[in-house]
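Asks: Compact mmCIF, C-alpha atoms, saved as protein.txt, coming up:
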```txt
# COMPACT_ATOMS: atom_id res chain seq x y z
CA MET A 1 28.97 9.57 -22.31
CA ASN A 2 26.97 10.36 -25.47
CA LYS A 3 29.98 9.44 -27.66
CA ILE A 4 30.30 6.09 -25.86
CA VAL A 5 26.60 5.25 -26.36
CA ILE A 6 26.74 6.24 -30.04
CA SER A 7 29.84 4.09 -30.57
CA ILE A 8 28.17 1.07 -28.92
CA LEU A 9 25.03 1.38 -31.08
CA VAL A 10 27.10 1.78 -34.27
CA LEU A 11 29.11 -1.33 -33.30
CA ILE A 12 25.91 -3.35 -32.74
CA PHE A 13 24.58 -2.09 -36.09
CA TYR A 14 27.78 -3.21 -37.86
CA LYS A 15 28.12 -6.59 -36.12
CA LEU A 16 24.54 -7.56 -36.90
CA GLY A 17 25.13 -6.68 -40.52
CA MET A 18 28.16 -8.96 -40.61
CA ALA A 19 26.16 -11.77 -38.98
CA GLN A 20 23.29 -11.57 -41.46
CA GLN A 21 23.09 -14.51 -43.87
CA ASP A 22 21.53 -14.27 -47.29
CA SER A 23 19.03 -16.86 -48.39
CA VAL A 24 16.25 -17.18 -50.91
CA LYS A 25 13.99 -18.99 -48.45
CA LEU A 26 12.33 -17.66 -45.31
CA PRO A 27 13.36 -19.48 -42.12
CA PHE A 28 9.69 -19.45 -41.04
CA ALA A 29 6.34 -18.61 -42.59
CA ILE A 30 5.17 -15.00 -42.91
CA ALA A 31 1.69 -14.10 -44.15
CA ASP A 32 1.52 -12.80 -47.73
CA GLU A 33 -0.30 -9.65 -46.58
CA LYS A 34 2.84 -8.69 -44.66
CA LYS A 35 4.74 -8.21 -47.91
CA LEU A 36 5.65 -4.70 -48.96
CA SER A 37 3.59 -3.24 -51.79
CA ASP A 38 4.89 -3.43 -55.35
CA GLU A 39 5.44 0.33 -55.30
CA ASP A 40 7.46 0.20 -52.06
CA LEU A 41 9.57 -2.68 -53.37
CA ALA A 42 10.25 -0.82 -56.62
CA ASN A 43 11.55 2.17 -54.64
CA LYS A 44 13.47 0.17 -52.02
CA LYS A 45 17.25 0.43 -52.12
CA GLU A 46 19.73 -2.30 -51.35
CA GLY A 47 22.46 -1.90 -48.74
CA ILE A 48 23.25 0.92 -46.32
CA TYR A 49 22.35 4.58 -46.77
CA ALA A 50 21.72 7.64 -44.59
CA THR A 51 19.11 10.40 -44.47
CA ALA A 52 18.88 13.64 -42.48
CA ILE A 53 15.97 15.89 -41.48
CA PRO A 54 16.50 19.44 -40.12
CA GLN A 55 14.46 20.58 -37.12
CA LEU A 56 13.57 24.25 -36.59
CA SER A 57 11.13 25.81 -34.12
CA SER A 58 10.31 29.10 -32.47
CA ASP A 59 8.15 29.96 -29.45
CA PRO A 60 8.16 32.55 -26.62
CA VAL A 61 9.00 29.93 -23.97
CA ASN A 62 12.03 28.14 -25.45
CA GLY A 63 13.15 30.68 -28.04
CA PHE A 64 14.56 29.63 -31.42
CA GLY A 65 15.21 25.90 -31.72
CA TYR A 66 17.54 24.19 -34.14
CA GLY A 67 18.76 20.65 -34.67
CA ALA A 68 18.60 17.63 -36.92
CA GLN A 69 17.73 13.95 -37.03
CA GLY A 70 20.02 11.58 -38.87
CA ILE A 71 18.97 8.03 -39.73
CA LEU A 72 21.21 5.20 -40.92
CA TYR A 73 19.36 2.41 -42.71
CA ASP A 74 20.51 -1.07 -43.72
CA ASN A 75 18.05 -2.64 -46.13
CA GLY A 76 20.15 -5.71 -46.83
CA LYS A 77 20.25 -7.34 -50.26
CA LYS A 78 17.44 -8.54 -52.49
CA SER A 79 18.64 -12.08 -51.79
CA ASP A 80 17.81 -11.51 -48.11
CA PRO A 81 14.64 -13.57 -47.41
CA PHE A 82 13.14 -10.66 -45.43
CA PHE A 83 13.80 -8.03 -48.11
CA ASN A 84 10.18 -8.19 -49.33
CA TYR A 85 8.65 -8.19 -45.83
CA THR A 86 10.24 -5.35 -43.88
CA PRO A 87 11.20 -1.78 -44.87
CA TYR A 88 14.69 -2.28 -43.41
CA ARG A 89 16.79 -4.83 -41.55
CA ARG A 90 18.31 -2.28 -39.16
CA LYS A 91 17.71 1.40 -38.41
CA LEU A 92 19.92 3.65 -36.28
CA ALA A 93 18.49 7.12 -35.54
CA ILE A 94 20.21 10.06 -33.84
CA THR A 95 18.47 13.34 -32.93
CA LEU A 96 20.24 16.46 -31.66
CA PHE A 97 18.23 19.55 -30.65
CA ASN A 98 18.99 22.82 -28.87
CA THR A 99 17.32 26.21 -28.32
CA THR A 100 18.49 29.73 -27.60
CA LYS A 101 16.92 29.42 -24.13
CA PHE A 102 18.96 26.34 -23.17
CA GLN A 103 16.52 23.53 -23.85
CA ASN A 104 18.48 20.63 -25.34
CA GLU A 105 17.89 17.00 -26.21
CA VAL A 106 19.80 13.99 -27.53
CA VAL A 107 17.88 10.90 -28.69
CA LEU A 108 19.43 7.63 -29.90
CA GLY A 109 17.41 4.72 -31.24
CA LEU A 110 18.15 1.30 -32.73
CA ASP A 111 15.46 -0.88 -34.34
CA ILE A 112 16.12 -4.39 -35.71
CA PRO A 113 13.20 -6.41 -37.12
CA TYR A 114 13.70 -10.19 -37.34
CA VAL A 115 16.99 -9.96 -35.45
CA PHE A 116 19.39 -12.79 -36.36
CA ASN A 117 16.70 -14.04 -38.79
CA THR A 118 14.38 -14.99 -35.92
CA LYS A 119 10.81 -14.05 -35.03
CA TRP A 120 12.13 -11.43 -32.57
CA ARG A 121 12.34 -7.67 -33.07
CA PHE A 122 14.73 -5.67 -30.88
CA ARG A 123 14.39 -1.96 -30.05
CA ILE A 124 16.45 0.31 -27.82
CA GLU A 125 16.07 4.05 -27.27
CA GLY A 126 18.05 6.44 -25.07
CA ILE A 127 17.07 10.04 -24.29
CA TYR A 128 19.03 12.79 -22.54
CA GLU A 129 17.39 16.20 -22.06
CA ASN A 130 17.42 19.47 -20.17
CA ASP A 131 14.61 22.01 -20.12
CA PRO A 132 14.81 25.04 -17.80
CA ASN A 133 11.60 26.50 -19.25
CA MET A 134 8.89 24.17 -17.95
CA LEU A 135 5.72 26.02 -16.95
CA TYR A 136 3.18 25.45 -14.19
CA PHE A 137 -0.04 27.45 -13.77
CA GLY A 138 -1.77 25.52 -11.00
CA ALA A 139 -4.26 22.66 -11.05
CA ALA A 140 -7.93 22.16 -12.00
CA GLU A 141 -10.17 24.85 -13.50
CA PRO A 142 -8.41 27.93 -11.98
CA SER A 143 -5.38 27.12 -14.17
CA LEU A 144 -7.49 28.22 -17.17
CA ASN A 145 -7.92 31.77 -15.87
CA THR A 146 -6.44 34.71 -17.74
CA LEU A 147 -2.78 35.31 -16.94
CA SER A 148 -2.29 38.14 -14.47
CA ASN A 149 0.84 39.75 -13.04
CA PRO A 150 1.20 38.57 -9.40
CA GLU A 151 2.49 42.02 -8.33
CA THR A 152 0.25 44.43 -10.23
CA GLY A 153 -2.79 42.24 -11.00
CA THR A 154 -2.71 43.33 -14.66
CA ALA A 155 -4.29 40.70 -16.94
CA TYR A 156 -2.71 39.50 -20.20
CA ASN A 157 -4.11 37.35 -23.02
CA ASN A 158 -0.66 36.99 -24.58
CA TYR A 159 1.97 34.90 -22.79
CA ALA A 160 4.92 36.83 -24.25
CA GLN A 161 3.53 40.13 -22.90
CA TYR A 162 2.78 38.53 -19.54
CA ASP A 163 6.32 37.13 -19.29
CA LYS A 164 7.88 40.50 -20.10
CA SER A 165 5.78 42.17 -17.40
CA LEU A 166 7.30 40.05 -14.61
CA SER A 167 9.96 41.77 -12.51
CA ASP A 168 13.26 40.11 -11.64
CA ASN A 169 11.80 38.88 -8.34
CA TYR A 170 8.95 37.11 -10.17
CA HIS A 171 10.68 36.10 -13.39
CA ASN A 172 10.49 32.40 -12.46
CA TYR A 173 7.04 32.61 -10.89
CA ASN A 174 5.56 29.99 -13.26
CA ARG A 175 8.71 28.05 -14.06
CA TRP A 176 10.31 24.79 -13.03
CA GLU A 177 13.29 22.95 -14.47
CA GLU A 178 14.02 19.50 -15.88
CA LYS A 179 17.74 18.85 -15.46
CA ASN A 180 19.88 15.95 -16.69
CA ASN A 181 16.93 13.71 -17.48
CA ILE A 182 17.95 10.25 -18.71
CA VAL A 183 15.44 7.76 -20.11
CA MET A 184 16.14 4.34 -21.65
CA ASN A 185 13.61 2.03 -23.29
CA ILE A 186 14.45 -1.55 -24.29
CA SER A 187 11.92 -3.92 -25.81
CA GLY A 188 11.70 -7.26 -27.56
CA GLU A 189 8.78 -8.25 -29.78
CA ARG A 190 8.06 -11.83 -30.86
CA SER A 191 5.77 -12.52 -33.77
CA PHE A 192 3.16 -15.29 -33.84
CA PHE A 193 0.67 -16.68 -36.37
CA ASN A 194 2.80 -15.91 -39.45
CA SER A 195 3.69 -12.46 -38.09
CA LYS A 196 0.03 -11.42 -37.78
CA MET A 197 0.39 -10.96 -34.00
CA ARG A 198 3.22 -9.77 -31.74
CA ALA A 199 3.88 -10.10 -28.03
CA ILE A 200 6.03 -7.36 -26.50
CA ILE A 201 8.20 -7.40 -23.40
CA GLY A 202 10.18 -4.37 -22.33
CA PHE A 203 12.13 -2.46 -19.72
CA ARG A 204 12.14 1.27 -19.02
CA TYR A 205 14.66 3.17 -16.91
CA ALA A 206 14.21 6.84 -16.04
CA ASN A 207 16.33 9.17 -13.94
CA LEU A 208 14.43 12.46 -13.77
CA GLY A 209 15.76 15.65 -12.23
CA ILE A 210 12.98 18.12 -11.38
CA THR A 211 13.87 21.31 -9.50
CA THR A 212 12.42 24.74 -8.76
CA PHE A 213 14.27 28.00 -9.15
CA GLN A 214 15.64 29.91 -6.19
CA GLY A 215 12.99 32.32 -4.97
CA ALA A 216 10.07 30.49 -6.62
CA SER A 217 8.55 29.53 -3.30
CA PHE A 218 5.04 29.24 -4.76
CA LEU A 219 6.11 26.11 -6.58
CA GLN A 220 7.33 24.48 -3.41
CA ASN A 221 3.89 25.04 -1.92
CA ASP A 222 1.89 23.86 -4.93
CA PHE A 223 3.78 20.68 -5.87
```
Show this structure as C-alpha cells.

Replies:
Amino acid sequence: MNKIVISILVLIFYKLGMAQQDSVKLPFAIADEKKLSDEDLANKKEGIYATAIPQLSSDPVNGFGYGAQGILYDNGKKSDPFFNYTPYRRKLAITLFNTTKFQNEVVLGLDIPYVFNTKWRFRIEGIYENDPNMLYFGAAEPSLNTLSNPETGTAYNNYAQYDKSLSDNYHNYNRWEEKNNIVMNISGERSFFNSKMRAIIGFRYANLGITTFQGASFLQNDF
C-alpha cells in the first residue's frame, strides 16, 4: 500500500511539472512584500533536487529510534513568474521512522503553491503509524503522583527503574497500544488581496486503532 501511495504522489509531482508553463509575467497580482529576500533568491536553485535529514532518538519507553526524512523539491526555472515569490513550486516529503521497541511511522506529504499557476495551493499528507508503547497514568491531579509499583508499593522517581520493577503480570500495567493508525489530510488554500490573505478548506480522514494489552484490566476500567 505504501509503495502505491508513493508512486501516485511521484506521478502527480511529475505531471504537474510537465504542465507548468514558463512566463515572464504573473497571471495575477501578488504584493511586493511577498517576494523572497535578495539573499534567499541568490541562494535559490533552479530545477529539481533532493535533500535528506537523518532522525535519531533514544528514550526508555520506545528504545533507540532511527529513520530519515527525504524531500524532493522542484523550484522551477528563473523564467517561471512565481520563482521570486515562493520557495518552491512543488515539494514531496517522505519520512520513515522505526524504534527497537516496535514504534514505526511513515509520513508522505505533497505541497504545491500556486497549483497550475492559479491562486490555489494544494496540500496532501498521509500518515501510517504503530506505537505499542503508549502510556497512561490516570486522570487529573493523582496522575502527577510519584510512580509506585502496584504489587510492592515501592516508589520510584525514575521511570526506567519503575518499569524494570514490574513483574511479568504487571508489565503492561500503564500501557496501551496504537495499531495500524491511518490519517490523511487534504487541503486547498486560495489567496486573496494580492496573496495577503488565504482562505483554507480541507478534509481529514482518520482510522485509529486503540487497544489494551491482554491482562491490563485496569485500563479497561479507566478508559

Asks: Show me, as JSON lines, the residues of range 120-170 of chain A having an atom within 12 Å of range 92-99 of chain A, each with the closest atom pair and its distance in Å, using all atoms listed in the file.

Replies:
```
{"residue": "A:Phe122", "atom": "CA", "partner": "A:Leu92", "partner_atom": "CA", "distance": 12.0}
{"residue": "A:Arg123", "atom": "CA", "partner": "A:Leu92", "partner_atom": "CA", "distance": 10.0}
{"residue": "A:Ile124", "atom": "CA", "partner": "A:Leu92", "partner_atom": "CA", "distance": 9.7}
{"residue": "A:Glu125", "atom": "CA", "partner": "A:Ala93", "partner_atom": "CA", "distance": 9.1}
{"residue": "A:Gly126", "atom": "CA", "partner": "A:Ile94", "partner_atom": "CA", "distance": 9.7}
{"residue": "A:Ile127", "atom": "CA", "partner": "A:Thr95", "partner_atom": "CA", "distance": 9.4}
{"residue": "A:Tyr128", "atom": "CA", "partner": "A:Leu96", "partner_atom": "CA", "distance": 9.9}
{"residue": "A:Glu129", "atom": "CA", "partner": "A:Phe97", "partner_atom": "CA", "distance": 9.3}
{"residue": "A:Asn130", "atom": "CA", "partner": "A:Asn98", "partner_atom": "CA", "distance": 9.5}
{"residue": "A:Asp131", "atom": "CA", "partner": "A:Thr99", "partner_atom": "CA", "distance": 9.6}
{"residue": "A:Pro132", "atom": "CA", "partner": "A:Thr99", "partner_atom": "CA", "distance": 10.9}
{"residue": "A:Asn133", "atom": "CA", "partner": "A:Thr99", "partner_atom": "CA", "distance": 10.7}
```

Asks: Distance cut-off 8 Å, centre (6.2, -14.4, -30.5) in file coordinates, counting only C-alpha atoms: which residues qualify? Return them as an MDAnalysis selection string.

Replies: chainID A and resid 119:120 189:192 197:199

Asks: Give the answer as one residue: which of A:Phe102, A:Phe116, A:Tyr66, A:Tyr49 has the shortest atom-to-atom distance to Phe82 in chain A, using only C-alpha atoms?

Replies: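 Selected residue with least distance to Phe82 in chain A: A:Phe116.
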
Asks: Which polymer residues have any atom within 7 Å of an atom of Ala206 in chain A, counting only C-alpha atoms, with same-chain residues fewer than 6 positions away left out, as a ChimeraX atom specification?

Replies: /A:182-184

Asks: Just the residues within 9 Å of Gly209 in chain A, please, counting only C-alpha atoms, with nothing from its chain fewer than 2 positions along; format it as a ChimeraX atom specification.

Replies: /A:130,177-182,207,211

Asks: So that I have them on file, write out the residues from the current selection with C-alpha atoms, as a PDB file, keeping the file's coordinate frame.

Replies:
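Just written: out25.pdb:
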```pdb
ATOM      1  CA  ASN A 130      17.420  19.470 -20.170  1.00  0.00           C
ATOM      2  CA  GLU A 177      13.290  22.950 -14.470  1.00  0.00           C
ATOM      3  CA  GLU A 178      14.020  19.500 -15.880  1.00  0.00           C
ATOM      4  CA  LYS A 179      17.740  18.850 -15.460  1.00  0.00           C
ATOM      5  CA  ASN A 180      19.880  15.950 -16.690  1.00  0.00           C
ATOM      6  CA  ASN A 181      16.930  13.710 -17.480  1.00  0.00           C
ATOM      7  CA  ILE A 182      17.950  10.250 -18.710  1.00  0.00           C
ATOM      8  CA  ASN A 207      16.330   9.170 -13.940  1.00  0.00           C
ATOM      9  CA  THR A 211      13.870  21.310  -9.500  1.00  0.00           C
TER      10      THR A 211
END
```

Asks: Just want the 8 Å neighbourhood of range 160-165 of chain A, counted on only C-alpha atoms, with same-chain residues fewer than 2 positions away dropped. Output as a list in words.

Replies: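 Residues meeting the cut-off are Pro60, Leu147, Ser148, Asn149, Ala155, Tyr156, Asn157, Asn158, Ser167 and His171 of chain A.
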
Asks: Excluding Lys78 in chain A and its own-chain neighbours fewer than 4 positions away, which residues fall within 12 Å of it when counting all atoms listed in the file? Please give them as a PyMOL selection string.

Replies: chain A and resi 21-25+41-42+44-47+74+82-89

Asks: Could you check which of A:Met134, A:Ile200, A:Val107, A:Val115 is closest to Val61 in chain A, using only C-alpha atoms?

Replies: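 Of all the options, A:Met134 lies closest to Val61 in chain A.
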
Asks: In Å, how far is it from CA of Phe64 in chain A to CA of Lys101 in chain A?

Replies: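 These two atoms are separated by 7.7 Å.
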
Asks: What does the distance between CA of Pro142 in chain A and CA of Thr212 in chain A come to in Å, to one decimal place?

Replies: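 Interatomic distance here is 21.3 Å.
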
Asks: State, in Å with one decimal place, the distance from CA of Ser57 in chain A to CA of Thr100 in chain A.

Replies: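 We find that CA of Ser57 in chain A and CA of Thr100 in chain A lie 10.6 Å from each other.
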
Asks: Which residue gives the smallest distance to Asn75 in chain A among A:Ala139, A:Ile112, A:Glu39, A:Ala52, with all atoms listed in the file counted?

Replies: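 For Asn75 in chain A, the nearest of the given residues is A:Ile112.
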
Asks: For Gln103 in chain A, which residue among A:Glu151, A:Gly70, A:Lys91, A:Gly63 is the nearest when counting all atoms listed in the file?

Replies: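 When distances to Gln103 in chain A are compared using all atoms listed in the file, the smallest one comes from A:Gly63.
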